[in-house]
Amino acid sequence: RYYLETGVVASRGRLRVYCMLGEFDTVNRVWAGRWEGTTDDLFTLQDTVSAGTRRAMEIELVIGEPARLYHEELDAEARDAVYHGWHNLTLGTREGWRIAKQRFTDVVRTHPDAVTAHALAAFASWMGAVEGFSSAPAQDLEDAARHAARGIELNDPTGLSYLVVAALRLYAGEDLDAALDAAEESLARRPTCDISFGVLGSVRRYLGEWHAAVQACERAVELGGLGHPWFLTGEASASSVGGRPPQAAEGARAGAQPYPHAPRGPPRPSGGHA
């Protein structure tokens, strides 16, 4: 889908390197960069071009806006730890989660004022507790709350901290209006996040807002596919109580299918609507 076009202009011992990232289908330029150096220090110029191109591709093609924050807040070693952690977290295994949590915790220790570090640590701690990976879920939920609170103090632009707060309040079954506020704030900062829509749907379901819950869960499925079957079960539950039996039955059947490495989703609160 994408191509990288490069060029070098040399004049009197000086070099100018061009890189352009384009999209085949639209022939649009996605990104362009330019670097200058001398023939006396080719290795430094090579490293600069490589790092700049990698950063651009991370931002434009892979990770998006969070990559900008990683480069602003974190050094190269910490960024590598974050990417390694994300990779392991997406494996959907206990060992992958353990490695991810350790990587994110290490970054919090070395960069205590980095908002992305706290946001990631909060998300990983929460995921470990709700997916059953953690051997001490109560402690991980406590860690999630602590890191999420710090992330919000730092005005977390990624929205992960707000997502975790919404999920934790839902789990506690207390102050669901505050959970709704946090879920909506998460979506304002993560408008294409399937899990944010899924948590919002769960909160609205327990508030009795069945139509809005179905809409949010449907949007979660559109964005995340079947990798999170709890989106489907949430939609089915809301549809059932909201008077849509056919949709409820369809969602229940789909949600009951086995999906390898699928997250279980947020725990049910002790109170509210079933």
# chains A, B, ... in the order shown; residues from 1 in each chain; ligands from 1
call {"tool": "residues_around", "arguments": {"residues": "Val199 (chain A)", "least_positions_apart": "3", "cutoff": "8 Å", "atoms": "only C-alpha atoms", "output": "list in words"}}
result
Leu163, Ala166, Ala167, Ala183, Ile195, Ser196, Ser202, Val203 and Pro266 of chain A
call {"tool": "write_last_selection", "arguments": {"atoms": "N, CA and C atoms", "output": "mmCIF file, in the first residue's frame"}}
result
data_model
loop_
_atom_site.group_PDB
_atom_site.id
_atom_site.type_symbol
_atom_site.label_atom_id
_atom_site.label_comp_id
_atom_site.auth_asym_id
_atom_site.auth_seq_id
_atom_site.Cartn_x
_atom_site.Cartn_y
_atom_site.Cartn_z
ATOM 1 N N LEU A 163 -10.226 5.777 30.432
ATOM 2 C CA LEU A 163 -10.828 4.478 30.149
ATOM 3 C C LEU A 163 -10.736 3.570 31.371
ATOM 4 N N ALA A 166 -13.080 4.687 34.160
ATOM 5 C CA ALA A 166 -14.461 4.300 33.858
ATOM 6 C C ALA A 166 -14.686 2.825 34.153
ATOM 7 N N ALA A 167 -13.748 1.985 33.734
ATOM 8 C CA ALA A 167 -13.885 0.544 33.952
ATOM 9 C C ALA A 167 -13.839 0.200 35.438
ATOM 10 N N ALA A 183 -15.828 7.559 30.784
ATOM 11 C CA ALA A 183 -15.897 6.841 29.509
ATOM 12 C C ALA A 183 -16.041 7.806 28.341
ATOM 13 N N ILE A 195 -12.161 -0.476 22.571
ATOM 14 C CA ILE A 195 -12.374 -0.773 23.988
ATOM 15 C C ILE A 195 -13.067 0.390 24.693
ATOM 16 N N SER A 196 -12.760 1.627 24.295
ATOM 17 C CA SER A 196 -13.453 2.777 24.877
ATOM 18 C C SER A 196 -14.946 2.707 24.585
ATOM 19 N N SER A 202 -20.950 -0.719 28.157
ATOM 20 C CA SER A 202 -21.209 -1.421 29.422
ATOM 21 C C SER A 202 -21.762 -0.471 30.477
ATOM 22 N N VAL A 203 -21.186 0.731 30.555
ATOM 23 C CA VAL A 203 -21.671 1.708 31.540
ATOM 24 C C VAL A 203 -23.112 2.094 31.246
ATOM 25 N N PRO A 266 -14.534 -6.141 30.756
ATOM 26 C CA PRO A 266 -14.608 -5.594 32.106
ATOM 27 C C PRO A 266 -15.482 -6.429 33.012
#
call {"tool": "select_by_dssp", "arguments": {"residues": "region 24-220 of chain A", "states": "helix (DSSP H, G or I)", "output": "PyMOL selection string"}}
result
chain A and resi 39-62+65-73+76-89+94-110+115-130+137-153+160-172+176-189+194-206+210-220
call {"tool": "atom_distance", "arguments": {"atom1": "CA of Val221 (chain A)", "atom2": "CA of Thr90 (chain A)"}}
result
17.3 Å
call {"tool": "residues_around", "arguments": {"residues": "Asp113 (chain A)", "least_positions_apart": "4", "cutoff": "9 Å", "atoms": "only C-alpha atoms", "output": "MDAnalysis selection string"}}
result
chainID A and resid 73 108 117:118 150 154
call {"tool": "closest_residue", "arguments": {"among": "A:Glu23, A:Glu209, A:Asp177, A:Glu95", "to": "Ser135 (chain A)", "atoms": "only C-alpha atoms"}}
result
A:Glu95
call {"tool": "closest_atom_pairs", "arguments": {"of": "region 4-103 of chain A", "to": "region 120-128 of chain A", "cutoff": "10 Å", "atoms": "only C-alpha atoms", "output": "JSON lines"}}
result
{"residue": "A:Val82", "atom": "CA", "partner": "A:Leu120", "partner_atom": "CA", "distance": 8.3}
{"residue": "A:Gly85", "atom": "CA", "partner": "A:Leu120", "partner_atom": "CA", "distance": 9.1}
{"residue": "A:Trp86", "atom": "CA", "partner": "A:Leu120", "partner_atom": "CA", "distance": 8.8}
{"residue": "A:Leu89", "atom": "CA", "partner": "A:Ala124", "partner_atom": "CA", "distance": 7.6}
{"residue": "A:Gly92", "atom": "CA", "partner": "A:Met127", "partner_atom": "CA", "distance": 9.9}
{"residue": "A:Thr93", "atom": "CA", "partner": "A:Gly128", "partner_atom": "CA", "distance": 9.8}
{"residue": "A:Arg94", "atom": "CA", "partner": "A:Gly128", "partner_atom": "CA", "distance": 8.0}
{"residue": "A:Trp97", "atom": "CA", "partner": "A:Gly128", "partner_atom": "CA", "distance": 6.6}
{"residue": "A:Arg98", "atom": "CA", "partner": "A:Gly128", "partner_atom": "CA", "distance": 8.2}
{"residue": "A:Ala100", "atom": "CA", "partner": "A:Ala124", "partner_atom": "CA", "distance": 7.1}
{"residue": "A:Lys101", "atom": "CA", "partner": "A:Ala124", "partner_atom": "CA", "distance": 5.7}
{"residue": "A:Gln102", "atom": "CA", "partner": "A:Ala121", "partner_atom": "CA", "distance": 8.7}
{"residue": "A:Arg103", "atom": "CA", "partner": "A:Ala121", "partner_atom": "CA", "distance": 8.7}
call {"tool": "atom_distance", "arguments": {"atom1": "CA of Thr38 (chain A)", "atom2": "CA of Asp75 (chain A)"}}
result
26.2 Å
call {"tool": "residues_around", "arguments": {"residues": "Asp80 (chain A)", "least_positions_apart": "3", "cutoff": "12 Å", "atoms": "only C-alpha atoms", "output": "list in words"}}
result
Arg55, Ala67, Tyr70, His71, Leu74, Asp75, Ala76, Glu77, Tyr83, His84, Gly85, Trp86, His87, Ala100, Arg103, Phe104, Asp106 and Val107 of chain A
call {"tool": "atom_distance", "arguments": {"atom1": "CA of Thr116 (chain A)", "atom2": "CA of Ala145 (chain A)"}}
result
14.8 Å
call {"tool": "select_by_dssp", "arguments": {"residues": "region 34-251 of chain A", "states": "strand (DSSP E)", "output": "ChimeraX atom specification"}}
result
/A:34-38
call {"tool": "residues_around", "arguments": {"residues": "region 2-7 of chain A", "least_positions_apart": "3", "cutoff": "9 Å", "atoms": "only C-alpha atoms", "output": "ChimeraX atom specification"}}
result
/A:16-25,30
call {"tool": "write_last_selection", "arguments": {"atoms": "N, CA, C and O atoms", "output": "JSON list (two decimals), in the first residue's frame"}}
result
[["chain", "number", "residue", "atom", "x", "y", "z"],
["A", 16, "ARG", "N", 22.72, 16.02, 0.73],
["A", 16, "ARG", "CA", 21.34, 16.29, 1.11],
["A", 16, "ARG", "C", 20.53, 15.04, 0.77],
["A", 16, "ARG", "O", 20.51, 14.61, -0.38],
["A", 17, "VAL", "N", 19.87, 14.48, 1.80],
["A", 17, "VAL", "CA", 19.12, 13.24, 1.62],
["A", 17, "VAL", "C", 17.62, 13.55, 1.71],
["A", 17, "VAL", "O", 17.17, 14.24, 2.63],
["A", 18, "TYR", "N", 16.89, 13.02, 0.75],
["A", 18, "TYR", "CA", 15.45, 13.19, 0.71],
["A", 18, "TYR", "C", 14.78, 11.84, 0.93],
["A", 18, "TYR", "O", 15.24, 10.82, 0.41],
["A", 19, "CYS", "N", 13.66, 11.85, 1.65],
["A", 19, "CYS", "CA", 12.81, 10.66, 1.78],
["A", 19, "CYS", "C", 11.36, 11.11, 1.65],
["A", 19, "CYS", "O", 10.97, 12.15, 2.20],
["A", 20, "MET", "N", 10.59, 10.32, 0.92],
["A", 20, "MET", "CA", 9.18, 10.63, 0.76],
["A", 20, "MET", "C", 8.38, 9.34, 0.88],
["A", 20, "MET", "O", 8.66, 8.36, 0.21],
["A", 21, "LEU", "N", 7.39, 9.36, 1.78],
["A", 21, "LEU", "CA", 6.51, 8.22, 1.98],
["A", 21, "LEU", "C", 5.21, 8.50, 1.24],
["A", 21, "LEU", "O", 4.55, 9.52, 1.48],
["A", 22, "GLY", "N", 4.84, 7.61, 0.32],
["A", 22, "GLY", "CA", 3.64, 7.81, -0.47],
["A", 22, "GLY", "C", 2.70, 6.64, -0.41],
["A", 22, "GLY", "O", 3.07, 5.54, 0.03],
["A", 23, "GLU", "N", 1.46, 6.86, -0.83],
["A", 23, "GLU", "CA", 0.45, 5.82, -0.86],
["A", 23, "GLU", "C", 0.16, 5.47, -2.32],
["A", 23, "GLU", "O", -0.16, 6.34, -3.13],
["A", 24, "PHE", "N", 0.27, 4.18, -2.63],
["A", 24, "PHE", "CA", 0.10, 3.74, -4.01],
["A", 24, "PHE", "C", -1.29, 4.06, -4.56],
["A", 24, "PHE", "O", -1.44, 4.57, -5.67],
["A", 25, "ASP", "N", -2.34, 3.75, -3.78],
["A", 25, "ASP", "CA", -3.70, 3.86, -4.30],
["A", 25, "ASP", "C", -4.08, 5.28, -4.67],
["A", 25, "ASP", "O", -4.72, 5.52, -5.69],
["A", 30, "VAL", "N", 2.32, 11.02, 1.98],
["A", 30, "VAL", "CA", 1.96, 10.87, 3.39],
["A", 30, "VAL", "C", 2.92, 11.66, 4.28],
["A", 30, "VAL", "O", 2.51, 12.28, 5.26]]
call {"tool": "residues_around", "arguments": {"residues": "Arg12 (chain A)", "least_positions_apart": "3", "cutoff": "12 Å", "atoms": "only C-alpha atoms", "output": "number ranges by chain"}}
result
A: 9, 15-16, 37-40
